[in-house]
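One structure is given below, encoded as structure tokens.
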Amino acid sequence: MKILKRVTAVLLTAVVAVSFTACGGRSEHAKKLNIDTAVSINIWYQDDAYTSYLDYIAQQFHKANEFITVNPVKVEENNLLDAVYNGSIAQNNVADVYLMEASDMQRAYLMGLTAENDAYTQYYSQKHFPVTAVNAACYEGKLYGYPVTFHTAVMVYNKKYATAPENFEQIEAFLNSYQVTDENKDVNMIVGWDSQDLWTNYAFGGSYVDNGGAQGEDAESDVQTEALKAAMTEYAALQNTFGIVDKTQEEYKQMFMNNQLIYTILDSTQLADLNASSVDYGICAVPGAKTGFGTQSLSDTTLAMVNPYSENTDTAKAVAQAISYDYADLLEKDTGYISARTDVADKNKKVLYQPLYEVYAKSDSYAKYIGADEFYVRYSILLHNIWKGEDLNESVDAFIKAVSR
């Protein structure tokens with residue numbers, strides 16, 4: 001096993017510590033723990049976007065607790081859980097805290113890598129997190145994870161030209177009455193999105209498929225056959241109605257930021273780029289093709305997890321809670337990802353993100369059971385086939401047959 005470490009230096013000079021506070025406007029939340037012997041807490045993660053965020057938490061923990069050293073460790077190995085497990089069994093390279101997707105919960109649980117989140121349960125309620133985030137952090141009725149960030153798909157619209165649509169019929173009416181003026185001369189497309197991406201297309205049939213049951217733990221799927229066929233009929237028609245062309249999510253995002261596109265569907269991880277642009281935009285749920293058709297986006301949640309193999313689980317739990325709760329107001333700035341905690345956005349972002357959190361709260365969480373990926377692959381194939389114009393009844397029936405257990 002090859003693990004590439006980048007251990008954070010946490011013994012900062014006073015000058016560096018002051019510069020963080022003065023330039024970044026950061027508040028210091030680190031808990032003062034009753035520890036008088038040296039403790040080292042390793043945080044394992046794979047996504048480099050979390051590096052500066054975890055570095056800062058490490059610095060603050062050491063400032064508040066001189067005996068605690070927090071070491072963010074970026075793991076280069078493909079499978080994080082295997083790396084955590086192998087290091088734990090070897091007992092010479094233990095991850096005390098690690099970041100993983102909630103969709104890996106069953107596998108982590110069966111590998112014995114889940115310590116219960118029982119020291120800070122009062123923070124993980126719908127007062128601070130959407131129900132989706134809390135459910136994502138649970139397994140078999142117990143809270144294990146600490147929700148950090150999430151992603152799901154939403155529609156964004158250019159507020160200079162339009163308002164939030166309730167369905168695509170409203171967008172069609174907007175298109176039919178649209179007139180080119182000097183003000184909107186840069187616009188060359190009304191609506192478009194990446195039709196090949198599961199996340200940006202899942203919602204169109206999401207209300208009529210279920211994978212994993214209420215908590216995403218059951219290796220079962222349920223499909224409302226006739227409702228799904230009706231929804232897919234309307235989904236297929238959108239291509240011709242709006243002349244949707246084959247572009248990537250990145251291409252559509254760039255068009256939107258350049259005021260060339262009025263409506264598009266994006267993964268919420270892309271909103272940081274919109275925020276850095278000059279476009280004045282709004283967020284809404286992916287609308288149904290017509291009145292009466294529901295939509296439901298897919299979501300996944302990144303969790304901080306405590307490894308029961310840690311020799312310092314109490315301290316590790318305090319660090320995991322800090323990652324997900326104490327410093328959540330810094331998450332978006334440092335990582336570009338939006339915090340799963342809903343009550344930390346500034347005044348302007350709170351208004352902007354309210355529809356996003358509503359979408360997340362009503363989303364279909366990526367199932368947690370081992371083998372769930374097959375369902376999403378089959379559903380993605382269904383969406384592709386429908387978009388290509390293949391026989392709808394045959395495509396839906398083949399999908400149902402493939403996912404039936």
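Chain labels run A, B, ... following the order of the structure tokens; each chain numbers its residues from 1, and ligands are numbered from 1 in the order shown.
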
How would you write, as a PyMOL selection string, the set of residues in region 337-381 of chain A that DSSP gives as strand (DSSP E)? chain A and resi 338-339+364-365

Could the residues in this selection be saved with N, CA and C atoms as a PDB file, in the first residue's frame?
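Output saved as again.pdb:
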```pdb
ATOM      1  N   ILE A 338     -20.467  23.713  -0.870  1.00  0.00           N
ATOM      2  CA  ILE A 338     -21.431  24.343   0.019  1.00  0.00           C
ATOM      3  C   ILE A 338     -21.646  23.473   1.251  1.00  0.00           C
ATOM      4  N   SER A 339     -21.628  24.118   2.407  1.00  0.00           N
ATOM      5  CA  SER A 339     -21.778  23.409   3.665  1.00  0.00           C
ATOM      6  C   SER A 339     -23.135  22.735   3.769  1.00  0.00           C
ATOM      7  N   ASP A 364     -33.268  12.830  -3.590  1.00  0.00           N
ATOM      8  CA  ASP A 364     -33.140  11.380  -3.454  1.00  0.00           C
ATOM      9  C   ASP A 364     -31.669  11.082  -3.173  1.00  0.00           C
ATOM     10  N   SER A 365     -31.355  10.726  -1.938  1.00  0.00           N
ATOM     11  CA  SER A 365     -29.956  10.467  -1.582  1.00  0.00           C
ATOM     12  C   SER A 365     -29.433   9.234  -2.309  1.00  0.00           C
TER      13      SER A 365
END
```

With the cut-off set at 12 Å and counting only C-alpha atoms, tabulate each residue of region 117-188 of chain A with an atom at most that distance from an atom of region 196-207 of chain A, showing the nearest atom pair and its distance in Å to one decimal, ordered by chain and increasing number, as JSON lines.
```
{"residue": "A:His151", "atom": "CA", "partner": "A:Trp199", "partner_atom": "CA", "distance": 9.4}
{"residue": "A:Thr152", "atom": "CA", "partner": "A:Trp199", "partner_atom": "CA", "distance": 7.1}
{"residue": "A:Ala153", "atom": "CA", "partner": "A:Thr200", "partner_atom": "CA", "distance": 5.6}
{"residue": "A:Val154", "atom": "CA", "partner": "A:Thr200", "partner_atom": "CA", "distance": 7.8}
{"residue": "A:Met155", "atom": "CA", "partner": "A:Thr200", "partner_atom": "CA", "distance": 8.9}
{"residue": "A:Val156", "atom": "CA", "partner": "A:Thr200", "partner_atom": "CA", "distance": 11.7}
{"residue": "A:Asn167", "atom": "CA", "partner": "A:Phe204", "partner_atom": "CA", "distance": 11.1}
{"residue": "A:Phe168", "atom": "CA", "partner": "A:Phe204", "partner_atom": "CA", "distance": 11.2}
```

Taking only C-alpha atoms into account, which of A:Ser395, A:Asn117, A:Ser52, A:Asn275 comes nearest Leu228 (chain A)?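 Comparing A:Ser395, A:Asn117, A:Ser52, A:Asn275 against Leu228 (chain A), the winner is A:Ser395.
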
For Glu217 (chain A), which residue out of A:Leu383, A:Ala90, A:Leu238, A:Ala136 is the nearest one, using only C-alpha atoms?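 Of A:Leu383, A:Ala90, A:Leu238, A:Ala136, the one nearest Glu217 (chain A) is A:Ala136, counting only C-alpha atoms.
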
For each of A:Gly336, A:Gly294, A:Gly192, A:Gly282, take the minimum atom-to-atom distance to Tyr252 (chain A), counting only C-alpha atoms, then give the residue where this is smallest.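 The answer is A:Gly192, which sits nearest to Tyr252 (chain A).
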
Just the residues within 12 Å of Ile41 (chain A), please, counting only C-alpha atoms, with nothing from its chain fewer than 3 positions along; format it as an MDAnalysis selection string. chainID A and resid 7:8 10 38 44 54 57:58 61:62 67:73 93:98 306:307 309:320

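The smallest atom-to-atom distance between Tyr360 (chain A) and any of A:Ala214, A:Ala340, A:Met305, A:Ala289, using only C-alpha atoms, is found for A:Ala340.
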
Using only C-alpha atoms, which residue out of A:Glu76, A:Asp326, A:Glu220, A:Glu358 lies closest to Gln46 (chain A)? A:Glu76

Name the closest residue to Arg378 (chain A) among the candidates A:Asn79, A:Thr295, A:Ser404, A:Ser324; distances are taken between atoms, counting only C-alpha atoms.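 Of the candidates, the smallest distance to Arg378 (chain A) is held by A:Ser404.
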
Please identify all polymer residues within 8 Å of Met100 (chain A), counting only C-alpha atoms, omitting same-chain residues fewer than 5 positions from it, and present them as a compact mmCIF listing (two decimals) with C-alpha atoms, in the first residue's frame.
```txt
# COMPACT_ATOMS: atom_id res chain seq x y z
CA TYR A 45 -9.03 12.71 2.74
CA LEU A 80 -9.90 5.39 0.68
CA THR A 302 -19.59 14.17 2.23
CA LEU A 303 -19.20 13.03 5.82
CA ALA A 304 -16.44 13.25 8.39
CA MET A 305 -16.16 9.84 10.03
```

Hey, what's within 8 Å of His384 (chain A) if we count only C-alpha atoms and toss same-chain stuff fewer than 3 positions away? As a ChimeraX atom specification, please? /A:195-196,380-381,387-388

Set the distance at 9 Å and use only C-alpha atoms: which residues neighbour Ser103 (chain A) once local chain neighbours fewer than 6 positions away are removed? I'd like the list as a list of chain:residue names.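 Within the cut-off, the hits are A:Ala136, A:Gly216, A:Asp300, A:Thr301, A:Thr302, A:Ser365, A:Tyr366, A:Ala367, A:Lys368, A:Tyr369, A:Ile370, A:Ala372.
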
Selected residues, C-alpha atoms, written as a PDB file, in the first residue's frame, please.
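Generated output (again24.pdb):
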```pdb
ATOM      1  CA  ALA A 136     -27.108  10.494   5.170  1.00  0.00           C
ATOM      2  CA  GLY A 216     -31.022   4.214   1.173  1.00  0.00           C
ATOM      3  CA  ASP A 300     -24.723  12.777  -2.073  1.00  0.00           C
ATOM      4  CA  THR A 301     -23.219  14.065   1.164  1.00  0.00           C
ATOM      5  CA  THR A 302     -19.585  14.174   2.234  1.00  0.00           C
ATOM      6  CA  SER A 365     -29.956  10.467  -1.582  1.00  0.00           C
ATOM      7  CA  TYR A 366     -27.548   8.185  -3.409  1.00  0.00           C
ATOM      8  CA  ALA A 367     -28.204   4.753  -1.911  1.00  0.00           C
ATOM      9  CA  LYS A 368     -25.787   3.426   0.728  1.00  0.00           C
ATOM     10  CA  TYR A 369     -25.911  -0.297   0.104  1.00  0.00           C
ATOM     11  CA  ILE A 370     -23.029  -2.126  -1.567  1.00  0.00           C
ATOM     12  CA  ALA A 372     -26.085   0.410  -5.546  1.00  0.00           C
TER      13      ALA A 372
END
```

Taking the DSSP assignment computed from this structure's backbone, write out as an MDAnalysis selection string all residues of region 367-397 of chain A that belong to alpha helix (DSSP H). chainID A and resid 373:388 392:397

Could you write out that same residue set with N, CA, C and O atoms as a PDB file, in the first residue's frame?
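Written output follows (part-v3.pdb):
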```
ATOM      1  N   ASP A 373     -24.436   1.123  -7.188  1.00  0.00           N
ATOM      2  CA  ASP A 373     -23.995   1.784  -8.424  1.00  0.00           C
ATOM      3  C   ASP A 373     -24.672   1.202  -9.665  1.00  0.00           C
ATOM      4  O   ASP A 373     -24.910   1.914 -10.637  1.00  0.00           O
ATOM      5  N   GLU A 374     -24.981  -0.094  -9.629  1.00  0.00           N
ATOM      6  CA  GLU A 374     -25.591  -0.730 -10.797  1.00  0.00           C
ATOM      7  C   GLU A 374     -26.912  -0.072 -11.156  1.00  0.00           C
ATOM      8  O   GLU A 374     -27.227   0.130 -12.333  1.00  0.00           O
ATOM      9  N   PHE A 375     -27.706   0.273 -10.147  1.00  0.00           N
ATOM     10  CA  PHE A 375     -28.988   0.926 -10.400  1.00  0.00           C
ATOM     11  C   PHE A 375     -28.773   2.231 -11.148  1.00  0.00           C
ATOM     12  O   PHE A 375     -29.473   2.518 -12.134  1.00  0.00           O
ATOM     13  N   TYR A 376     -27.813   3.026 -10.704  1.00  0.00           N
ATOM     14  CA  TYR A 376     -27.600   4.342 -11.308  1.00  0.00           C
ATOM     15  C   TYR A 376     -27.016   4.230 -12.713  1.00  0.00           C
ATOM     16  O   TYR A 376     -27.311   5.057 -13.582  1.00  0.00           O
ATOM     17  N   VAL A 377     -26.207   3.205 -12.926  1.00  0.00           N
ATOM     18  CA  VAL A 377     -25.709   2.960 -14.283  1.00  0.00           C
ATOM     19  C   VAL A 377     -26.876   2.612 -15.205  1.00  0.00           C
ATOM     20  O   VAL A 377     -26.977   3.140 -16.330  1.00  0.00           O
ATOM     21  N   ARG A 378     -27.764   1.750 -14.741  1.00  0.00           N
ATOM     22  CA  ARG A 378     -28.920   1.347 -15.556  1.00  0.00           C
ATOM     23  C   ARG A 378     -29.854   2.531 -15.813  1.00  0.00           C
ATOM     24  O   ARG A 378     -30.391   2.690 -16.910  1.00  0.00           O
ATOM     25  N   TYR A 379     -30.043   3.364 -14.800  1.00  0.00           N
ATOM     26  CA  TYR A 379     -30.906   4.536 -14.974  1.00  0.00           C
ATOM     27  C   TYR A 379     -30.278   5.526 -15.945  1.00  0.00           C
ATOM     28  O   TYR A 379     -30.968   6.136 -16.772  1.00  0.00           O
ATOM     29  N   SER A 380     -28.969   5.683 -15.861  1.00  0.00           N
ATOM     30  CA  SER A 380     -28.260   6.565 -16.786  1.00  0.00           C
ATOM     31  C   SER A 380     -28.392   6.062 -18.225  1.00  0.00           C
ATOM     32  O   SER A 380     -28.605   6.850 -19.158  1.00  0.00           O
ATOM     33  N   ILE A 381     -28.302   4.743 -18.406  1.00  0.00           N
ATOM     34  CA  ILE A 381     -28.483   4.154 -19.736  1.00  0.00           C
ATOM     35  C   ILE A 381     -29.885   4.425 -20.247  1.00  0.00           C
ATOM     36  O   ILE A 381     -30.092   4.761 -21.425  1.00  0.00           O
ATOM     37  N   LEU A 382     -30.870   4.309 -19.355  1.00  0.00           N
ATOM     38  CA  LEU A 382     -32.252   4.601 -19.739  1.00  0.00           C
ATOM     39  C   LEU A 382     -32.377   6.036 -20.245  1.00  0.00           C
ATOM     40  O   LEU A 382     -32.971   6.281 -21.308  1.00  0.00           O
ATOM     41  N   LEU A 383     -31.847   6.978 -19.498  1.00  0.00           N
ATOM     42  CA  LEU A 383     -31.925   8.385 -19.895  1.00  0.00           C
ATOM     43  C   LEU A 383     -31.247   8.612 -21.242  1.00  0.00           C
ATOM     44  O   LEU A 383     -31.774   9.325 -22.111  1.00  0.00           O
ATOM     45  N   HIS A 384     -30.096   7.998 -21.440  1.00  0.00           N
ATOM     46  CA  HIS A 384     -29.386   8.138 -22.720  1.00  0.00           C
ATOM     47  C   HIS A 384     -30.222   7.568 -23.873  1.00  0.00           C
ATOM     48  O   HIS A 384     -30.318   8.186 -24.942  1.00  0.00           O
ATOM     49  N   ASN A 385     -30.787   6.395 -23.656  1.00  0.00           N
ATOM     50  CA  ASN A 385     -31.583   5.762 -24.716  1.00  0.00           C
ATOM     51  C   ASN A 385     -32.816   6.594 -25.072  1.00  0.00           C
ATOM     52  O   ASN A 385     -33.148   6.755 -26.248  1.00  0.00           O
ATOM     53  N   ILE A 386     -33.483   7.114 -24.050  1.00  0.00           N
ATOM     54  CA  ILE A 386     -34.653   7.959 -24.290  1.00  0.00           C
ATOM     55  C   ILE A 386     -34.250   9.204 -25.068  1.00  0.00           C
ATOM     56  O   ILE A 386     -34.922   9.614 -26.028  1.00  0.00           O
ATOM     57  N   TRP A 387     -33.150   9.806 -24.686  1.00  0.00           N
ATOM     58  CA  TRP A 387     -32.685  11.041 -25.348  1.00  0.00           C
ATOM     59  C   TRP A 387     -32.291  10.771 -26.796  1.00  0.00           C
ATOM     60  O   TRP A 387     -32.457  11.630 -27.661  1.00  0.00           O
ATOM     61  N   LYS A 388     -31.787   9.554 -27.043  1.00  0.00           N
ATOM     62  CA  LYS A 388     -31.383   9.198 -28.423  1.00  0.00           C
ATOM     63  C   LYS A 388     -32.577   8.845 -29.295  1.00  0.00           C
ATOM     64  O   LYS A 388     -32.432   8.655 -30.502  1.00  0.00           O
ATOM     65  N   LEU A 392     -39.461   3.993 -26.285  1.00  0.00           N
ATOM     66  CA  LEU A 392     -39.614   4.337 -24.878  1.00  0.00           C
ATOM     67  C   LEU A 392     -40.077   3.144 -24.044  1.00  0.00           C
ATOM     68  O   LEU A 392     -39.515   2.854 -22.983  1.00  0.00           O
ATOM     69  N   ASN A 393     -41.106   2.446 -24.510  1.00  0.00           N
ATOM     70  CA  ASN A 393     -41.630   1.308 -23.747  1.00  0.00           C
ATOM     71  C   ASN A 393     -40.577   0.227 -23.568  1.00  0.00           C
ATOM     72  O   ASN A 393     -40.411  -0.317 -22.473  1.00  0.00           O
ATOM     73  N   GLU A 394     -39.881  -0.078 -24.648  1.00  0.00           N
ATOM     74  CA  GLU A 394     -38.837  -1.096 -24.563  1.00  0.00           C
ATOM     75  C   GLU A 394     -37.717  -0.663 -23.621  1.00  0.00           C
ATOM     76  O   GLU A 394     -37.191  -1.479 -22.844  1.00  0.00           O
ATOM     77  N   SER A 395     -37.343   0.614 -23.673  1.00  0.00           N
ATOM     78  CA  SER A 395     -36.257   1.115 -22.834  1.00  0.00           C
ATOM     79  C   SER A 395     -36.623   1.065 -21.363  1.00  0.00           C
ATOM     80  O   SER A 395     -35.823   0.621 -20.523  1.00  0.00           O
ATOM     81  N   VAL A 396     -37.836   1.513 -21.022  1.00  0.00           N
ATOM     82  CA  VAL A 396     -38.259   1.492 -19.615  1.00  0.00           C
ATOM     83  C   VAL A 396     -38.421   0.057 -19.132  1.00  0.00           C
ATOM     84  O   VAL A 396     -37.991  -0.287 -18.015  1.00  0.00           O
ATOM     85  N   ASP A 397     -38.994  -0.803 -19.936  1.00  0.00           N
ATOM     86  CA  ASP A 397     -39.168  -2.209 -19.531  1.00  0.00           C
ATOM     87  C   ASP A 397     -37.818  -2.886 -19.312  1.00  0.00           C
ATOM     88  O   ASP A 397     -37.656  -3.679 -18.361  1.00  0.00           O
TER      89      ASP A 397
END
```
